[in-house]
$ cat model_27.tsv   # TSV, C-alpha atoms
chain	number	residue	atom	x	y	z
N	1	MET	CA	0.00	0.00	0.00
N	2	LYS	CA	1.29	3.46	-0.87
N	3	GLU	CA	2.11	5.77	2.04
N	4	GLY	CA	-0.29	8.38	0.66
N	5	TYR	CA	-3.26	6.17	1.53
N	6	ARG	CA	-2.37	5.81	5.20
N	7	LEU	CA	-4.34	7.81	7.72
N	8	THR	CA	-2.29	10.19	9.83
N	9	GLN	CA	-2.53	10.02	13.62
N	10	GLU	CA	-4.59	13.21	13.53
N	11	GLU	CA	-7.00	11.73	10.98
N	12	LYS	CA	-7.32	8.56	13.06
N	13	ALA	CA	-7.99	10.60	16.19
N	14	THR	CA	-10.61	12.68	14.37
N	15	LEU	CA	-12.35	9.57	13.02
N	16	GLN	CA	-12.34	7.99	16.48
N	17	TYR	CA	-13.75	11.17	18.01
N	18	ARG	CA	-16.56	11.36	15.47
N	19	VAL	CA	-17.54	7.71	15.77
N	20	THR	CA	-17.60	7.93	19.57
N	21	SER	CA	-19.64	11.17	19.38
N	22	LYS	CA	-22.22	9.57	17.06
N	23	LEU	CA	-22.73	6.59	19.35
N	24	ARG	CA	-22.85	8.80	22.44
N	25	GLU	CA	-25.40	11.05	20.74
N	26	ALA	CA	-27.61	8.08	19.79
N	27	ILE	CA	-27.65	6.96	23.43
N	28	LEU	CA	-28.45	10.46	24.66
N	29	ARG	CA	-31.22	10.88	22.09
N	30	GLY	CA	-32.95	7.85	23.58
N	31	GLU	CA	-32.54	5.61	20.53
N	32	PHE	CA	-31.84	2.64	22.81
N	33	ARG	CA	-33.84	1.09	25.62
N	34	GLU	CA	-32.44	-0.38	28.82
N	35	GLY	CA	-30.58	-3.58	27.94
N	36	ASP	CA	-30.42	-3.04	24.16
N	37	ARG	CA	-27.31	-4.35	22.44
N	38	LEU	CA	-25.11	-2.00	20.47
N	39	ILE	CA	-23.97	-4.27	17.65
N	40	GLN	CA	-20.59	-3.44	16.14
N	41	GLU	CA	-21.35	-4.69	12.62
N	42	GLU	CA	-24.61	-2.72	12.34
N	43	TRP	CA	-23.03	0.55	13.46
N	44	ALA	CA	-19.95	0.05	11.31
N	45	GLU	CA	-22.26	-0.21	8.31
N	46	LYS	CA	-24.41	2.76	9.40
N	47	LEU	CA	-21.40	5.01	9.87
N	48	GLY	CA	-19.44	3.66	6.91
N	49	VAL	CA	-16.39	2.68	8.93
N	50	SER	CA	-14.58	-0.52	9.88
N	51	ARG	CA	-15.27	-2.32	13.15
N	52	MET	CA	-12.04	-1.06	14.73
N	53	PRO	CA	-13.22	2.51	15.51
N	54	ILE	CA	-16.56	1.09	16.71
N	55	ARG	CA	-14.69	-1.25	19.08
N	56	GLU	CA	-12.55	1.62	20.39
N	57	ALA	CA	-15.63	3.81	20.80
N	58	LEU	CA	-17.35	1.13	22.87
N	59	ARG	CA	-14.36	0.94	25.19
N	60	GLN	CA	-14.56	4.70	25.70
N	61	LEU	CA	-18.31	4.59	26.28
N	62	GLU	CA	-17.84	1.79	28.81
N	63	MET	CA	-15.42	4.03	30.74
N	64	GLU	CA	-18.06	6.76	30.66
N	65	GLY	CA	-20.74	4.43	32.03
N	66	LEU	CA	-22.92	4.55	28.90
N	67	VAL	CA	-22.44	0.88	27.97
N	68	ARG	CA	-21.28	-2.28	29.73
N	69	ILE	CA	-19.42	-5.05	27.93
N	70	GLU	CA	-20.79	-8.50	28.76
N	71	PRO	CA	-19.28	-11.87	27.74
N	72	HIS	CA	-21.13	-13.46	24.79
N	73	ARG	CA	-23.50	-10.46	24.50
N	74	GLY	CA	-21.21	-7.57	23.68
N	75	ALA	CA	-22.03	-3.94	24.43
N	76	ILE	CA	-25.23	-3.37	26.41
N	77	VAL	CA	-26.53	0.20	26.43
N	78	ILE	CA	-27.13	2.01	29.74
N	79	PRO	CA	-29.52	4.83	28.78
N	80	VAL	CA	-29.04	8.29	30.26
N	81	SER	CA	-32.04	9.58	32.20
N	82	ILE	CA	-33.02	13.12	33.10
N	83	GLU	CA	-32.18	12.22	36.71
N	84	ASP	CA	-28.66	11.30	35.57
N	85	VAL	CA	-28.27	14.70	33.93
N	86	GLU	CA	-29.56	16.50	37.02
N	87	GLU	CA	-27.11	14.61	39.23
N	88	ILE	CA	-24.09	15.09	36.94
N	89	TYR	CA	-24.62	18.81	36.40
N	90	PHE	CA	-25.48	19.56	40.03
N	91	LEU	CA	-22.28	17.86	41.18
N	92	ARG	CA	-20.27	19.55	38.41
N	93	ALA	CA	-21.54	22.99	39.41
N	94	LEU	CA	-20.86	22.33	43.08
N	95	LEU	CA	-17.37	20.84	42.72
N	96	GLU	CA	-16.15	22.94	39.80
N	97	GLY	CA	-17.44	26.09	41.48
N	98	ILE	CA	-15.45	25.31	44.61
N	99	ALA	CA	-12.40	24.38	42.55
N	100	VAL	CA	-12.24	27.59	40.49
N	101	GLU	CA	-12.78	29.76	43.57
N	102	LYS	CA	-9.89	28.05	45.36
N	103	SER	CA	-7.79	27.96	42.19
N	104	LEU	CA	-7.86	31.64	41.21
N	105	PRO	CA	-5.39	32.97	43.82
N	106	PHE	CA	-2.82	30.47	42.55
N	107	LEU	CA	-3.17	31.19	38.82
N	108	GLU	CA	-0.24	33.03	37.30
N	109	GLU	CA	-0.21	35.65	34.55
N	110	ALA	CA	0.75	32.97	32.01
N	111	ASP	CA	-2.41	31.05	32.94
N	112	LEU	CA	-4.56	34.15	32.45
N	113	GLU	CA	-2.92	34.79	29.10
N	114	GLU	CA	-3.70	31.24	27.97
N	115	LEU	CA	-7.30	31.62	29.16
N	116	GLU	CA	-7.62	34.77	27.07
N	117	SER	CA	-6.10	33.03	24.06
N	118	LEU	CA	-8.56	30.14	24.42
N	119	VAL	CA	-11.52	32.52	24.64
N	120	GLU	CA	-10.35	34.32	21.49
N	121	GLN	CA	-9.89	31.01	19.65
N	122	MET	CA	-13.40	29.86	20.63
N	123	GLU	CA	-14.88	33.17	19.53
N	124	ALA	CA	-13.10	32.96	16.16
N	125	LEU	CA	-14.35	29.48	15.25
N	126	PRO	CA	-16.73	29.23	12.28
N	127	ALA	CA	-20.19	27.71	12.70
N	128	ASN	CA	-19.70	24.24	11.19
N	129	GLU	CA	-19.38	20.62	12.31
N	130	ALA	CA	-15.59	20.57	12.13
N	131	ALA	CA	-15.46	23.60	14.42
N	132	VAL	CA	-17.57	21.84	17.06
N	133	GLU	CA	-14.86	19.23	17.56
N	134	GLN	CA	-12.23	21.94	17.96
N	135	TYR	CA	-14.50	23.95	20.27
N	136	VAL	CA	-14.94	20.93	22.57
N	137	ARG	CA	-11.16	20.63	22.98
N	138	LEU	CA	-10.68	24.36	23.60
N	139	ASN	CA	-13.59	24.45	26.04
N	140	ALA	CA	-12.24	21.51	28.05
N	141	ARG	CA	-8.82	23.17	28.24
N	142	PHE	CA	-10.37	26.48	29.36
N	143	HIS	CA	-12.26	24.83	32.22
N	144	ARG	CA	-9.22	22.79	33.25
N	145	ILE	CA	-6.94	25.84	33.49
N	146	LEU	CA	-9.51	27.71	35.56
N	147	ARG	CA	-9.40	25.01	38.25
N	148	GLU	CA	-5.79	23.94	37.82
N	149	GLY	CA	-4.55	25.96	40.77
N	150	CYS	CA	-6.95	24.36	43.26
N	151	PRO	CA	-4.78	22.69	45.94
N	152	TRP	CA	-7.39	20.03	46.76
N	153	ARG	CA	-6.14	16.91	44.96
N	154	ARG	CA	-9.22	14.71	45.17
N	155	ILE	CA	-11.60	17.26	43.69
N	156	HIS	CA	-9.78	17.15	40.34
N	157	GLY	CA	-10.40	13.42	39.89
N	158	MET	CA	-14.07	13.83	40.80
N	159	ILE	CA	-14.53	16.62	38.25
N	160	ASP	CA	-12.69	14.64	35.55
N	161	THR	CA	-15.14	11.77	36.07
N	162	LEU	CA	-18.15	14.09	35.75
N	163	TRP	CA	-16.76	15.55	32.51
N	164	LYS	CA	-16.78	12.15	30.80
N	165	GLY	CA	-19.73	11.20	28.64
N	166	ILE	CA	-22.36	13.91	28.38
N	167	PRO	CA	-20.59	17.30	28.61
N	168	PRO	CA	-18.42	16.90	25.48
N	169	ILE	CA	-21.41	16.32	23.21
N	170	THR	CA	-23.69	19.19	24.27
N	171	PRO	CA	-22.37	21.68	21.65
N	172	SER	CA	-23.52	19.36	18.85
N	173	LEU	CA	-26.94	18.76	20.44
N	174	LEU	CA	-28.07	22.13	21.77
N	175	SER	CA	-28.94	25.07	19.58
N	176	ASP	CA	-27.10	28.30	20.48
N	177	GLN	CA	-24.94	26.41	23.01
N	178	ILE	CA	-21.67	27.69	21.58
N	179	ARG	CA	-22.91	31.28	21.19
N	180	GLU	CA	-24.21	31.45	24.77
N	181	ALA	CA	-21.15	29.70	26.18
N	182	ARG	CA	-18.84	32.19	24.44
N	183	GLN	CA	-20.45	35.05	26.32
N	184	GLU	CA	-20.16	33.19	29.62
N	185	HIS	CA	-16.52	32.30	28.96
N	186	ARG	CA	-15.73	35.95	28.23
N	187	LEU	CA	-17.34	36.95	31.54
N	188	MET	CA	-15.43	34.22	33.42
N	189	LEU	CA	-12.22	35.51	31.88
N	190	GLU	CA	-12.96	39.06	33.03
N	191	HIS	CA	-13.57	37.88	36.62
N	192	ALA	CA	-10.40	35.77	36.54
N	193	LYS	CA	-8.26	38.68	35.30
N	194	ALA	CA	-9.77	40.97	37.94
N	195	ARG	CA	-9.09	38.33	40.63
N	196	ARG	CA	-12.74	38.05	41.68
N	197	PRO	CA	-13.06	34.40	42.84
N	198	LYS	CA	-16.64	34.56	44.17
N	199	GLU	CA	-17.96	36.20	41.00
N	200	LEU	CA	-16.04	33.68	38.89
N	201	ARG	CA	-17.62	30.83	40.81
N	202	GLU	CA	-21.13	32.30	40.38
N	203	VAL	CA	-20.80	32.71	36.60
N	204	LEU	CA	-19.36	29.21	36.19
N	205	GLU	CA	-22.21	27.68	38.21
N	206	GLN	CA	-24.78	29.59	36.12
N	207	HIS	CA	-23.01	28.41	32.97
N	208	ILE	CA	-23.28	24.76	34.05
N	209	PHE	CA	-26.89	25.04	35.25
N	210	ARG	CA	-27.98	26.76	32.01
N	211	THR	CA	-26.51	23.87	30.01
N	212	ARG	CA	-28.23	21.37	32.30
N	213	ASP	CA	-31.63	23.00	31.81
N	214	LYS	CA	-31.27	23.12	28.03
N	215	LEU	CA	-30.11	19.51	27.92
N	216	ILE	CA	-33.05	18.32	30.01
N	217	ALA	CA	-35.46	20.21	27.73
N	218	PHE	CA	-33.80	18.62	24.69
N	219	MET	CA	-34.07	15.11	26.15
N	220	ALA	CA	-37.72	15.61	27.13
N	221	LYS	CA	-38.49	16.77	23.58
N	222	GLU	CA	-36.67	13.80	22.01
N	223	LYS	CA	-38.49	11.32	24.24
N	224	GLY	CA	-41.82	12.95	23.38
N	225	ARG	CA	-41.39	12.24	19.67
$ encode --input "model_27.tsv" --output "structure tokens"
Amino acid sequence: MKEGYRLTQEEKATLQYRVTSKLREAILRGEFREGDRLIQEEWAEKLGVSRMPIREALRQLEMEGLVRIEPHRGAIVIPVSIEDVEEIYFLRALLEGIAVEKSLPFLEEADLEELESLVEQMEALPANEAAVEQYVRLNARFHRILREGCPWRRIHGMIDTLWKGIPPITPSLLSDQIREARQEHRLMLEHAKARRPKELREVLEQHIFRTRDKLIAFMAKEKGR
């Protein structure tokens, strides 16, 4: 095979991201019932890919708690309920709010400069599917830097767990999510630069709760169809 036909690592990573996102989205849209099997061959055909990225996606979704792999049965879907969303986003707001408030005094000027750069990059992204993938990465980095200075070690692992699964896919599901989030990120940046930890915490909590409410409304609408 000629070298020109080989996928680069970046192309492989992008394909893996998109396959995982599609499967995650199908689960969140309520296309599966409790106990349904997610069959590799069927989804490989639907998405026009080989079984390898499907297999890797299922491993990721198992880590996120959206499927469980059973011997002789394969991947069994664990549907996401509105109660799950309420729990995840309440805990995210609580823990992330505490983390950014405790983190801010320890952030250095270089951190603030990177936060500003990330906000500018998110604001400059075009409105297309490819940009959503890039936005998700920039957004995750922005939130991580905000809380990076928090000296409480255990809280970081808890927040990382809550970020898996649902939060990465909301920009592709919710209308106006990116536009509204950009405004909130800009306000968080202003509070961070002005060294206002309580105000930063309040805006971040509002940002998370707004996303929760829109996601619950989306799920209720999908289930009503």
$ atom_distance --input "model_27.tsv" --atom1 "atom CA of N:Glu86" --atom2 "atom CA of N:Leu61"
19.6 Å
$ closest_atom_pairs --input "model_27.tsv" --of "stretch 4-57 of chain N" --to "stretch 156-180 of chain N" --cutoff "9 Å" --atoms "all atoms listed in the file" --output "Markdown table"
| residue | atom | partner | partner_atom | distance |
| --- | --- | --- | --- | --- |
| N:Ser21 | CA | N:Ile169 | CA | 6.7 |
| N:Arg24 | CA | N:Gly165 | CA | 7.3 |
| N:Glu25 | CA | N:Ile169 | CA | 7.1 |
| N:Leu28 | CA | N:Ile166 | CA | 7.9 |
$ write_last_selection --input "model_27.tsv" --atoms "C-alpha atoms" --output "compact mmCIF listing (two decimals), in the frame of the given file"
# COMPACT_ATOMS: atom_id res chain seq x y z
CA SER N 21 -19.64 11.17 19.38
CA ARG N 24 -22.85 8.80 22.44
CA GLU N 25 -25.40 11.05 20.74
CA LEU N 28 -28.45 10.46 24.66
$ atom_distance --input "model_27.tsv" --atom1 "atom CA of N:Met52" --atom2 "atom CA of N:Ile27"
19.6 Å
$ residues_around --input "model_27.tsv" --residues "N:Lys221" --least-positions-apart "4" --cutoff "12 Å" --atoms "only C-alpha atoms" --output "VMD selection string"
chain N and resid 28 to 30 82 174 214 to 217 225
$ write_last_selection --input "model_27.tsv" --atoms "C-alpha atoms" --output "PDB file, keeping the file's coordinate frame"
ATOM      1  CA  LEU N  28     -28.450  10.460  24.660  1.00  0.00           C
ATOM      2  CA  ARG N  29     -31.220  10.880  22.090  1.00  0.00           C
ATOM      3  CA  GLY N  30     -32.950   7.850  23.580  1.00  0.00           C
ATOM      4  CA  ILE N  82     -33.020  13.120  33.100  1.00  0.00           C
ATOM      5  CA  LEU N 174     -28.070  22.130  21.770  1.00  0.00           C
ATOM      6  CA  LYS N 214     -31.270  23.120  28.030  1.00  0.00           C
ATOM      7  CA  LEU N 215     -30.110  19.510  27.920  1.00  0.00           C
ATOM      8  CA  ILE N 216     -33.050  18.320  30.010  1.00  0.00           C
ATOM      9  CA  ALA N 217     -35.460  20.210  27.730  1.00  0.00           C
ATOM     10  CA  ARG N 225     -41.390  12.240  19.670  1.00  0.00           C
TER      11      ARG N 225
END
$ residues_around --input "model_27.tsv" --residues "N:Lys193" --least-positions-apart "5" --cutoff "12 Å" --atoms "all atoms listed in the file" --output "NGL selection string"
:N and (104-105 or 107-116 or 146 or 186-188 or 199-200)
$ atom_distance --input "model_27.tsv" --atom1 "atom CA of N:Ile76" --atom2 "atom CA of N:Glu45"
18.6 Å
$ closest_residue --input "model_27.tsv" --among "N:Met122, N:Gly65, N:Val49, N:Lys198" --to "N:Gln134" --atoms "only C-alpha atoms"
N:Met122
$ closest_residue --input "model_27.tsv" --among "N:Val100, N:Ala93, N:Leu38, N:Ile88" --to "N:Arg195" --atoms "all atoms listed in the file"
N:Val100
$ closest_residue --input "model_27.tsv" --among "N:His185, N:Ile69, N:Arg59, N:Arg147" --to "N:Ser117" --atoms "all atoms listed in the file"
N:His185
$ closest_residue --input "model_27.tsv" --among "N:Gly97, N:Pro151, N:Pro53, N:Gly35" --to "N:Pro79" --atoms "only C-alpha atoms"
N:Gly35
